[in-house]
$ cat entry13.tsv   # TSV, C-alpha atoms
chain	number	residue	atom	x	y	z
V	213	MET	CA	16.88	-1.24	-3.59
V	214	ASN	CA	17.33	-0.60	-7.29
V	215	SER	CA	16.29	-3.82	-9.05
V	216	PHE	CA	13.35	-6.19	-9.15
V	217	GLU	CA	15.66	-9.00	-8.12
V	218	GLN	CA	16.33	-7.11	-4.89
V	219	ILE	CA	12.60	-6.61	-4.38
V	220	GLN	CA	12.08	-10.36	-4.72
V	221	GLU	CA	14.88	-11.05	-2.26
V	222	GLN	CA	13.47	-8.62	0.30
V	223	ALA	CA	10.02	-10.15	-0.13
V	224	ARG	CA	11.51	-13.61	0.43
V	225	ARG	CA	13.26	-12.47	3.59
V	226	ALA	CA	9.97	-11.10	4.92
V	227	GLY	CA	8.42	-14.55	4.67
V	228	PRO	CA	5.76	-15.84	2.28
V	229	ALA	CA	2.71	-13.64	1.83
V	230	ARG	CA	-0.67	-15.28	1.34
V	231	PHE	CA	-1.83	-14.31	-2.17
V	232	VAL	CA	-5.59	-14.57	-2.52
V	233	VAL	CA	-6.56	-14.85	-6.19
V	234	ALA	CA	-10.09	-13.88	-7.18
V	235	GLN	CA	-11.22	-16.29	-9.92
V	236	GLY	CA	-7.87	-18.07	-10.09
V	237	SER	CA	-8.37	-19.63	-13.51
V	238	ASP	CA	-5.76	-17.66	-15.49
V	239	SER	CA	-2.99	-20.03	-16.59
V	240	THR	CA	-0.35	-17.29	-17.05
V	241	LEU	CA	-1.11	-15.90	-13.61
V	242	LEU	CA	-0.86	-19.37	-12.08
V	243	GLU	CA	2.57	-19.80	-13.71
V	244	ALA	CA	3.76	-16.54	-12.16
V	245	LEU	CA	2.26	-17.44	-8.81
V	246	ASP	CA	3.98	-20.83	-8.89
V	247	GLU	CA	7.29	-19.11	-9.63
V	248	ALA	CA	6.66	-16.71	-6.74
V	249	ARG	CA	5.94	-19.69	-4.49
V	250	ALA	CA	9.16	-21.38	-5.60
V	251	ALA	CA	11.05	-18.12	-4.96
V	252	GLY	CA	9.85	-18.23	-1.36
V	253	PHE	CA	7.64	-15.16	-1.08
V	254	ALA	CA	4.17	-16.47	-1.99
V	255	GLN	CA	1.64	-18.84	-0.47
V	256	PRO	CA	-1.23	-19.21	-2.99
V	257	VAL	CA	-4.92	-19.20	-2.10
V	258	LEU	CA	-7.21	-19.70	-5.10
V	259	VAL	CA	-10.83	-18.55	-4.98
V	260	GLY	CA	-13.27	-19.67	-7.66
V	261	PRO	CA	-14.87	-22.71	-9.30
V	262	PRO	CA	-12.40	-25.58	-8.67
V	263	GLU	CA	-12.87	-27.28	-12.03
V	264	GLU	CA	-11.98	-24.06	-13.90
V	265	MET	CA	-8.87	-23.48	-11.80
V	266	HIS	CA	-7.67	-27.07	-12.26
V	267	ALA	CA	-8.18	-26.74	-16.02
V	268	ALA	CA	-6.14	-23.51	-16.10
V	269	ALA	CA	-3.41	-25.17	-14.03
V	270	LYS	CA	-3.26	-28.08	-16.46
V	271	GLU	CA	-3.03	-25.65	-19.39
V	272	GLY	CA	-0.10	-23.89	-17.72
V	273	SER	CA	1.52	-27.15	-16.51
V	274	VAL	CA	1.28	-25.96	-12.90
V	275	ASP	CA	0.80	-28.41	-10.05
V	276	ILE	CA	-1.72	-26.86	-7.65
V	277	SER	CA	-2.46	-30.04	-5.72
V	278	GLY	CA	-1.00	-28.58	-2.50
V	279	TRP	CA	-2.53	-25.12	-2.86
V	280	LYS	CA	-5.44	-23.92	-0.77
V	281	ILE	CA	-8.65	-23.63	-2.80
V	282	VAL	CA	-11.76	-21.74	-1.69
V	283	PRO	CA	-14.63	-22.93	-3.91
V	284	THR	CA	-17.24	-20.51	-5.25
V	285	ALA	CA	-19.99	-20.82	-7.81
V	286	SER	CA	-19.65	-17.57	-9.78
V	287	THR	CA	-17.32	-14.72	-10.74
V	288	ALA	CA	-19.17	-12.20	-8.55
V	289	GLU	CA	-19.02	-14.56	-5.58
V	290	SER	CA	-15.29	-15.11	-6.19
V	291	ALA	CA	-14.61	-11.36	-5.99
V	292	VAL	CA	-16.50	-10.87	-2.75
V	293	GLU	CA	-15.08	-13.98	-1.08
V	294	ALA	CA	-11.49	-13.10	-2.06
V	295	VAL	CA	-11.85	-9.57	-0.67
V	296	ARG	CA	-13.42	-10.83	2.56
V	297	CYS	CA	-10.69	-13.44	2.90
V	298	VAL	CA	-8.01	-10.75	2.94
V	299	ALA	CA	-10.10	-8.42	5.12
V	300	ARG	CA	-10.58	-11.00	7.86
V	301	GLY	CA	-6.86	-11.78	7.97
V	302	ASP	CA	-6.83	-15.06	6.03
V	303	GLY	CA	-4.73	-13.46	3.29
V	304	ASP	CA	-2.17	-10.68	2.84
V	305	VAL	CA	-2.42	-9.66	-0.82
V	306	LEU	CA	-5.42	-9.63	-3.17
V	307	VAL	CA	-4.81	-10.68	-6.78
V	308	LYS	CA	-7.04	-10.22	-9.81
V	309	GLY	CA	-7.51	-13.49	-11.65
V	310	LEU	CA	-9.73	-14.13	-14.67
V	311	ILE	CA	-12.26	-11.51	-13.64
V	312	PRO	CA	-13.18	-8.01	-14.91
V	313	SER	CA	-11.26	-5.30	-13.05
V	314	ALA	CA	-14.46	-3.35	-12.40
V	315	GLU	CA	-16.02	-6.32	-10.64
V	316	LEU	CA	-13.08	-6.79	-8.30
V	317	LEU	CA	-12.80	-3.07	-7.60
V	318	ARG	CA	-16.50	-2.93	-6.77
V	319	ALA	CA	-16.01	-5.68	-4.19
V	320	VAL	CA	-13.01	-3.87	-2.69
V	321	LEU	CA	-14.86	-0.55	-2.47
V	322	THR	CA	-17.93	-2.07	-0.80
V	323	LYS	CA	-17.35	-1.08	2.83
V	324	ALA	CA	-19.18	-4.10	4.19
V	325	ASN	CA	-16.50	-6.36	2.67
V	326	GLY	CA	-13.87	-4.85	4.93
V	327	LEU	CA	-10.96	-3.70	2.71
V	328	SER	CA	-11.96	-0.11	1.99
V	329	THR	CA	-10.27	2.65	4.00
V	330	GLY	CA	-12.15	5.54	2.45
V	331	ARG	CA	-8.98	6.63	0.63
V	332	THR	CA	-8.99	6.81	-3.17
V	333	LEU	CA	-7.63	3.63	-4.75
V	334	SER	CA	-4.91	4.16	-7.33
V	335	HIS	CA	-2.55	2.11	-9.43
V	336	VAL	CA	1.19	2.71	-9.02
V	337	GLY	CA	3.59	1.46	-11.68
V	338	VAL	CA	7.26	0.94	-10.85
V	339	PHE	CA	9.76	1.07	-13.72
V	340	ARG	CA	13.41	0.18	-14.10
V	341	PHE	CA	15.49	1.12	-17.13
V	342	SER	CA	18.71	-0.68	-18.10
V	343	GLU	CA	20.65	2.60	-18.19
V	344	SER	CA	19.33	3.83	-14.82
V	345	ASP	CA	20.29	2.81	-11.30
V	346	ARG	CA	16.94	3.61	-9.67
V	347	PHE	CA	13.20	3.14	-9.92
V	348	TYR	CA	10.65	5.54	-11.40
V	349	PHE	CA	7.00	5.48	-10.32
V	350	VAL	CA	4.04	6.35	-12.61
V	351	THR	CA	0.48	6.93	-11.42
V	352	ASP	CA	-2.46	6.52	-12.04
V	353	ALA	CA	-2.73	4.58	-15.29
V	354	ALA	CA	-5.56	2.19	-14.44
V	355	ILE	CA	-8.24	3.36	-12.00
V	356	CYS	CA	-8.96	7.10	-11.57
V	357	ILE	CA	-10.27	8.45	-14.86
V	358	ALA	CA	-10.26	12.20	-14.19
V	359	PRO	CA	-9.17	12.70	-10.57
V	360	ASP	CA	-10.18	15.87	-8.77
V	361	TYR	CA	-7.90	17.73	-6.38
V	362	GLN	CA	-8.74	15.64	-3.31
V	363	GLN	CA	-8.31	12.41	-5.24
V	364	LYS	CA	-4.93	13.63	-6.46
V	365	ILE	CA	-3.80	14.09	-2.86
V	366	ASP	CA	-4.63	10.42	-2.22
V	367	ILE	CA	-3.01	9.31	-5.48
V	368	VAL	CA	0.22	11.09	-4.54
V	369	GLN	CA	0.16	9.71	-0.99
V	370	ASN	CA	-0.41	6.16	-2.24
V	371	ALA	CA	2.65	6.40	-4.50
V	372	VAL	CA	4.72	7.96	-1.72
V	373	ASP	CA	3.75	5.17	0.69
V	374	LEU	CA	4.94	2.59	-1.84
V	375	ALA	CA	8.21	4.46	-2.42
V	376	HIS	CA	8.82	4.31	1.34
V	377	LYS	CA	8.41	0.52	1.21
V	378	LEU	CA	11.15	0.43	-1.42
V	379	GLY	CA	13.54	2.35	0.78
V	380	ILE	CA	13.07	5.88	-0.59
V	381	PRO	CA	12.42	7.98	2.54
V	382	GLN	CA	11.74	11.34	0.86
V	383	PRO	CA	10.79	10.74	-2.78
V	384	VAL	CA	10.55	13.68	-5.16
V	385	VAL	CA	7.08	13.89	-6.72
V	386	ALA	CA	6.52	15.68	-10.03
V	387	ILE	CA	2.94	16.71	-10.84
V	388	LEU	CA	2.96	16.45	-14.62
V	389	CYS	CA	1.24	18.88	-16.95
V	390	ALA	CA	1.69	20.04	-20.53
V	391	ILE	CA	3.50	23.15	-19.32
V	392	GLU	CA	5.46	24.22	-16.26
V	393	THR	CA	3.55	27.42	-15.51
V	394	VAL	CA	0.11	27.95	-13.99
V	395	ASN	CA	-2.60	28.67	-16.54
V	396	PRO	CA	-6.12	29.13	-15.11
V	397	GLU	CA	-7.56	27.64	-18.31
V	398	MET	CA	-5.66	24.39	-17.63
V	399	GLN	CA	-7.05	23.00	-14.38
V	400	ALA	CA	-4.24	20.46	-14.12
V	401	THR	CA	-1.70	23.28	-13.68
V	402	VAL	CA	-3.79	24.87	-10.92
V	403	ASP	CA	-4.09	21.53	-9.13
V	404	ALA	CA	-0.36	20.95	-9.50
V	405	ALA	CA	0.56	24.26	-7.92
V	406	SER	CA	-1.89	23.65	-5.07
V	407	LEU	CA	-0.52	20.15	-4.45
V	408	SER	CA	3.01	21.52	-4.31
V	409	LYS	CA	2.05	24.22	-1.81
V	410	MET	CA	-0.10	21.92	0.34
V	411	ALA	CA	2.71	19.35	0.50
V	412	GLU	CA	4.84	22.06	2.13
V	413	ARG	CA	2.11	22.37	4.76
V	414	GLY	CA	1.94	18.66	5.52
V	415	ALA	CA	-1.05	17.58	3.42
V	416	ILE	CA	1.21	14.97	1.81
V	417	ARG	CA	3.49	13.10	4.20
V	418	GLY	CA	7.02	11.96	3.57
V	419	ALA	CA	7.71	13.52	0.18
V	420	ARG	CA	8.81	16.64	-1.62
V	421	VAL	CA	6.36	17.76	-4.30
V	422	GLU	CA	6.87	20.06	-7.29
V	423	GLY	CA	4.51	21.16	-10.01
V	424	PRO	CA	3.38	21.98	-12.52
V	425	LEU	CA	6.19	20.36	-14.49
V	426	ALA	CA	6.33	19.10	-18.06
V	427	LEU	CA	7.82	15.63	-18.40
V	428	ASP	CA	11.23	16.85	-19.58
V	429	ASN	CA	11.52	19.27	-16.67
V	430	ALA	CA	10.51	16.52	-14.25
V	431	VAL	CA	13.25	14.04	-15.20
V	432	SER	CA	16.05	16.17	-16.68
V	433	VAL	CA	17.96	18.72	-14.62
V	434	GLU	CA	19.45	20.10	-17.84
V	435	ALA	CA	15.99	20.63	-19.40
V	436	ALA	CA	14.74	22.36	-16.25
V	437	ARG	CA	17.78	24.62	-16.18
V	438	HIS	CA	17.40	25.43	-19.88
V	439	LYS	CA	13.83	26.62	-19.25
V	440	GLY	CA	14.90	28.73	-16.28
V	441	ILE	CA	13.14	26.67	-13.61
V	442	THR	CA	14.87	27.43	-10.32
V	443	SER	CA	13.38	24.63	-8.18
V	444	GLU	CA	15.95	22.24	-6.71
V	445	LEU	CA	13.44	19.42	-7.26
V	446	ALA	CA	12.94	19.94	-10.99
V	447	GLY	CA	14.60	17.23	-13.05
V	448	ARG	CA	15.00	14.89	-10.06
V	449	ALA	CA	11.59	13.20	-9.90
V	450	ASP	CA	11.10	9.73	-8.50
V	451	ILE	CA	7.30	9.76	-8.84
V	452	LEU	CA	5.50	10.99	-11.96
V	453	VAL	CA	1.85	11.91	-11.36
V	454	ALA	CA	-0.17	12.32	-14.56
V	455	PRO	CA	-3.19	14.66	-14.75
V	456	ASN	CA	-5.60	11.94	-15.92
V	457	ILE	CA	-5.83	8.28	-16.85
V	458	GLU	CA	-5.23	8.85	-20.58
V	459	ALA	CA	-1.93	10.63	-20.03
V	460	ALA	CA	-0.80	8.12	-17.42
V	461	ASN	CA	-1.79	5.09	-19.49
V	462	ILE	CA	-0.04	6.35	-22.61
V	463	LEU	CA	3.12	7.14	-20.65
V	464	TYR	CA	2.95	3.76	-18.90
V	465	LYS	CA	2.68	1.76	-22.11
V	466	ALA	CA	5.23	3.90	-23.96
V	467	LEU	CA	7.78	3.09	-21.26
V	468	ILE	CA	7.08	-0.64	-21.69
V	469	PHE	CA	6.85	-0.90	-25.47
V	470	PHE	CA	9.21	1.84	-26.65
V	471	ALA	CA	11.68	2.19	-23.77
V	472	LYS	CA	11.61	-1.58	-23.02
V	473	ALA	CA	11.51	-0.86	-19.28
V	474	GLU	CA	11.00	-3.58	-16.70
V	475	GLU	CA	7.75	-2.94	-14.86
V	476	ALA	CA	5.59	-3.93	-11.94
V	477	GLY	CA	2.36	-2.42	-10.70
V	478	ILE	CA	-0.01	-2.71	-7.77
V	479	VAL	CA	-3.05	-0.92	-6.39
V	480	MET	CA	-2.64	1.10	-3.21
V	481	GLY	CA	-5.15	2.78	-0.93
V	482	ALA	CA	-6.98	-0.22	0.53
V	483	ARG	CA	-6.17	-2.04	3.79
V	484	ALA	CA	-3.96	-4.39	1.76
V	485	PRO	CA	-2.18	-3.96	-1.57
V	486	PHE	CA	-3.49	-5.85	-4.55
V	487	VAL	CA	-2.28	-6.97	-7.93
V	488	LEU	CA	-4.44	-5.85	-10.85
V	489	ALA	CA	-2.37	-7.29	-13.69
V	490	SER	CA	-3.72	-7.29	-17.23
V	491	ARG	CA	-4.23	-10.61	-18.96
V	492	SER	CA	-1.80	-9.35	-21.64
V	493	ASP	CA	0.99	-8.84	-19.07
V	494	SER	CA	3.86	-11.29	-19.25
V	495	ALA	CA	4.45	-13.88	-16.53
V	496	ARG	CA	7.61	-11.96	-15.62
V	497	ASN	CA	5.73	-8.69	-15.07
V	498	LYS	CA	3.14	-10.51	-12.99
V	499	LEU	CA	5.92	-12.06	-10.93
V	500	TYR	CA	7.49	-8.64	-10.33
V	501	SER	CA	4.10	-7.21	-9.36
V	502	MET	CA	3.56	-10.00	-6.84
V	503	ALA	CA	6.98	-9.38	-5.29
V	504	LEU	CA	6.17	-5.67	-5.09
V	505	ALA	CA	2.84	-6.41	-3.39
V	506	ALA	CA	4.47	-8.82	-0.95
V	507	LEU	CA	6.91	-6.10	0.06
V	508	ALA	CA	4.15	-3.48	0.33
V	509	ARG	CA	1.85	-5.51	2.61

$ encode --input "entry13.tsv" --output "structure tokens"
Amino acid sequence: MNSFEQIQEQARRAGPARFVVAQGSDSTLLEALDEARAAGFAQPVLVGPPEEMHAAAKEGSVDISGWKIVPTASTAESAVEAVRCVARGDGDVLVKGLIPSAELLRAVLTKANGLSTGRTLSHVGVFRFSESDRFYFVTDAAICIAPDYQQKIDIVQNAVDLAHKLGIPQPVVAILCAIETVNPEMQATVDAASLSKMAERGAIRGARVEGPLALDNAVSVEAARHKGITSELAGRADILVAPNIEAANILYKALIFFAKAEEAGIVMGARAPFVLASRSDSARNKLYSMALAALAR
């Protein structure tokens, strides 16, 4: 697979996934969900106050008369009920509607609600450039603020698991830093070297990991060669792991707004994938994210 159209087609072939939307009163999201339904890979389930969801549907000119609606009285109740719905098997993919991300994440991480696995949750962005014939993955731009070493292991594994779903059996992971050498005063470089070594010993499954690497050395073989880096993985990264949320978020948005990349993103690490789209995301990006989640279920 090397395009979002192919991801949508594979999701369609797998059969419609049940998308459970917490507080489903976002008109743009409903438009994307309706398009996903029409494309054959989504079966919507809306959780929230019915009158608000019908108003949003009217605003977006979406007919939700045949959609399943689970009524709730409040935003907090919508988050918990949506999570429990997926956990008990009445849904396949969780979707953030018109609700604060922190509130939905809190419901997911509450063990009693049934979706938490104990693994760190992390956001994985998937990018496609017009001049490239493959996907690039960026993590974590949305959830883990300053991940420690153990959290980074989970973040890498989450991205690797998603790459496997997209048909990349042994993705190359670059642990990004400001430099490509270990400096004890820069903890990110120490973590990167440790992650690379521990991956060789099986701590990370199904991937080849290299680090520390600066961004140019991660994606350009020529740049890596110019700096004298001898690793066969340098310059060939599929997955770019940033040292913290600021670096990841800036890279993520630069790829969208400057490089004009197509993008989708989902959260991995729970018992089911979930879509944590921003309200500012386009309907197209939300559609791509839903297709990605349907394929990752």

$ atom_distance --input "entry13.tsv" --atom1 "atom CA of V:Val292" --atom2 "atom CA of V:Leu317"
9.9 Å

$ residues_around --input "entry13.tsv" --residues "V:Asp352" --least-positions-apart "4" --cutoff "7 Å" --atoms "only C-alpha atoms" --output "CSV table (one decimal) with C-alpha atoms, in the coordinates of the input"
chain,number,residue,atom,x,y,z
V,334,SER,CA,-4.9,4.2,-7.3
V,335,HIS,CA,-2.6,2.1,-9.4
V,336,VAL,CA,1.2,2.7,-9.0
V,356,CYS,CA,-9.0,7.1,-11.6
V,453,VAL,CA,1.8,11.9,-11.4
V,454,ALA,CA,-0.2,12.3,-14.6
V,457,ILE,CA,-5.8,8.3,-16.8
V,460,ALA,CA,-0.8,8.1,-17.4

$ closest_atom_pairs --input "entry13.tsv" --of "stretch 289-407 of chain V" --to "stretch 465-484 of chain V" --cutoff "8 Å" --atoms "all atoms listed in the file" --output "JSON lines"
{"residue": "V:Val298", "atom": "CA", "partner": "V:Ala484", "partner_atom": "CA", "distance": 7.6}
{"residue": "V:Ala299", "atom": "CA", "partner": "V:Arg483", "partner_atom": "CA", "distance": 7.6}
{"residue": "V:Asp304", "atom": "CA", "partner": "V:Ala484", "partner_atom": "CA", "distance": 6.6}
{"residue": "V:Val305", "atom": "CA", "partner": "V:Ala484", "partner_atom": "CA", "distance": 6.1}
{"residue": "V:Leu306", "atom": "CA", "partner": "V:Ala484", "partner_atom": "CA", "distance": 7.3}
{"residue": "V:Val320", "atom": "CA", "partner": "V:Ala482", "partner_atom": "CA", "distance": 7.7}
{"residue": "V:Leu327", "atom": "CA", "partner": "V:Arg483", "partner_atom": "CA", "distance": 5.2}
{"residue": "V:Ser328", "atom": "CA", "partner": "V:Ala482", "partner_atom": "CA", "distance": 5.2}
{"residue": "V:Thr329", "atom": "CA", "partner": "V:Ala482", "partner_atom": "CA", "distance": 5.6}
{"residue": "V:Gly330", "atom": "CA", "partner": "V:Ala482", "partner_atom": "CA", "distance": 8.0}
{"residue": "V:Arg331", "atom": "CA", "partner": "V:Gly481", "partner_atom": "CA", "distance": 5.7}
{"residue": "V:Thr332", "atom": "CA", "partner": "V:Gly481", "partner_atom": "CA", "distance": 6.0}
{"residue": "V:Leu333", "atom": "CA", "partner": "V:Gly481", "partner_atom": "CA", "distance": 4.6}
{"residue": "V:Ser334", "atom": "CA", "partner": "V:Val479", "partner_atom": "CA", "distance": 5.5}
{"residue": "V:His335", "atom": "CA", "partner": "V:Val479", "partner_atom": "CA", "distance": 4.3}
{"residue": "V:Val336", "atom": "CA", "partner": "V:Gly477", "partner_atom": "CA", "distance": 5.5}
{"residue": "V:Gly337", "atom": "CA", "partner": "V:Gly477", "partner_atom": "CA", "distance": 4.2}
{"residue": "V:Val338", "atom": "CA", "partner": "V:Ala476", "partner_atom": "CA", "distance": 5.3}
{"residue": "V:Phe339", "atom": "CA", "partner": "V:Glu475", "partner_atom": "CA", "distance": 4.6}
{"residue": "V:Arg340", "atom": "CA", "partner": "V:Glu474", "partner_atom": "CA", "distance": 5.2}
{"residue": "V:Phe341", "atom": "CA", "partner": "V:Ala473", "partner_atom": "CA", "distance": 4.9}
{"residue": "V:Ser342", "atom": "CA", "partner": "V:Ala473", "partner_atom": "CA", "distance": 7.3}
{"residue": "V:Asp366", "atom": "CA", "partner": "V:Gly481", "partner_atom": "CA", "distance": 7.8}
{"residue": "V:Asn370", "atom": "CA", "partner": "V:Met480", "partner_atom": "CA", "distance": 5.6}
{"residue": "V:Ala371", "atom": "CA", "partner": "V:Met480", "partner_atom": "CA", "distance": 7.6}
{"residue": "V:Leu374", "atom": "CA", "partner": "V:Met480", "partner_atom": "CA", "distance": 7.8}

$ closest_residue --input "entry13.tsv" --among "V:Leu427, V:Ile355, V:Val487, V:Val394" --to "V:Val233" --atoms "all atoms listed in the file"
V:Val487

$ atom_distance --input "entry13.tsv" --atom1 "atom CA of V:Pro262" --atom2 "atom CA of V:Pro283"
5.9 Å

$ closest_residue --input "entry13.tsv" --among "V:Ala426, V:Ala285, V:Leu407, V:Leu258" --to "V:Leu452" --atoms "only C-alpha atoms"
V:Ala426

$ closest_residue --input "entry13.tsv" --among "V:Asp275, V:Asp302, V:Glu263, V:Glu293" --to "V:Asp246" --atoms "all atoms listed in the file"
V:Asp275

$ atom_distance --input "entry13.tsv" --atom1 "atom CA of V:Ala386" --atom2 "atom CA of V:Asn214"
19.7 Å

$ closest_residue --input "entry13.tsv" --among "V:His266, V:Lys439, V:Arg417, V:Lys364" --to "V:Ile391" --atoms "all atoms listed in the file"
V:Lys439

$ closest_atom_pairs --input "entry13.tsv" --of "stretch 231-250 of chain V" --to "stretch 276-279 of chain V" --cutoff "12 Å" --atoms "all atoms listed in the file" --output "Markdown table"
| residue | atom | partner | partner_atom | distance |
| --- | --- | --- | --- | --- |
| V:Phe231 | CA | V:Trp279 | CA | 10.9 |
| V:Val232 | CA | V:Trp279 | CA | 11.0 |
| V:Val233 | CA | V:Trp279 | CA | 11.5 |
| V:Gly236 | CA | V:Ile276 | CA | 11.0 |
| V:Ser237 | CA | V:Ile276 | CA | 11.4 |
| V:Ser239 | CA | V:Ile276 | CA | 11.3 |
| V:Leu242 | CA | V:Ile276 | CA | 8.7 |
| V:Glu243 | CA | V:Ile276 | CA | 10.2 |
| V:Leu245 | CA | V:Ile276 | CA | 10.3 |
| V:Asp246 | CA | V:Ile276 | CA | 8.4 |
| V:Arg249 | CA | V:Trp279 | CA | 10.2 |

$ closest_residue --input "entry13.tsv" --among "V:Val295, V:Val402, V:Ile219, V:Gly309" --to "V:Lys323" --atoms "only C-alpha atoms"
V:Val295

$ closest_residue --input "entry13.tsv" --among "V:Tyr361, V:Leu507, V:Ile462, V:Val431" --to "V:Ala415" --atoms "all atoms listed in the file"
V:Tyr361

$ residues_near_point --input "entry13.tsv" --point "(-3.8, 22.1, -6.0)" --cutoff "10 Å" --atoms "all atoms listed in the file" --output "list in words"
Asp360, Tyr361, Gln362, Lys364, Ile365, Ile387, Gln399, Ala400, Thr401, Val402, Asp403, Ala404, Ala405, Ser406, Leu407, Ser408, Lys409, Met410, Ala411, Gly423 and Pro424 of chain V

$ write_last_selection --input "entry13.tsv" --atoms "C-alpha atoms" --output "PDB file, keeping the file's coordinate frame"
ATOM      1  CA  ASP V 360     -10.180  15.870  -8.770  1.00  0.00           C
ATOM      2  CA  TYR V 361      -7.900  17.730  -6.380  1.00  0.00           C
ATOM      3  CA  GLN V 362      -8.740  15.640  -3.310  1.00  0.00           C
ATOM      4  CA  LYS V 364      -4.930  13.630  -6.460  1.00  0.00           C
ATOM      5  CA  ILE V 365      -3.800  14.090  -2.860  1.00  0.00           C
ATOM      6  CA  ILE V 387       2.940  16.710 -10.840  1.00  0.00           C
ATOM      7  CA  GLN V 399      -7.050  23.000 -14.380  1.00  0.00           C
ATOM      8  CA  ALA V 400      -4.240  20.460 -14.120  1.00  0.00           C
ATOM      9  CA  THR V 401      -1.700  23.280 -13.680  1.00  0.00           C
ATOM     10  CA  VAL V 402      -3.790  24.870 -10.920  1.00  0.00           C
ATOM     11  CA  ASP V 403      -4.090  21.530  -9.130  1.00  0.00           C
ATOM     12  CA  ALA V 404      -0.360  20.950  -9.500  1.00  0.00           C
ATOM     13  CA  ALA V 405       0.560  24.260  -7.920  1.00  0.00           C
ATOM     14  CA  SER V 406      -1.890  23.650  -5.070  1.00  0.00           C
ATOM     15  CA  LEU V 407      -0.520  20.150  -4.450  1.00  0.00           C
ATOM     16  CA  SER V 408       3.010  21.520  -4.310  1.00  0.00           C
ATOM     17  CA  LYS V 409       2.050  24.220  -1.810  1.00  0.00           C
ATOM     18  CA  MET V 410      -0.100  21.920   0.340  1.00  0.00           C
ATOM     19  CA  ALA V 411       2.710  19.350   0.500  1.00  0.00           C
ATOM     20  CA  GLY V 423       4.510  21.160 -10.010  1.00  0.00           C
ATOM     21  CA  PRO V 424       3.380  21.980 -12.520  1.00  0.00           C
TER      22      PRO V 424
END
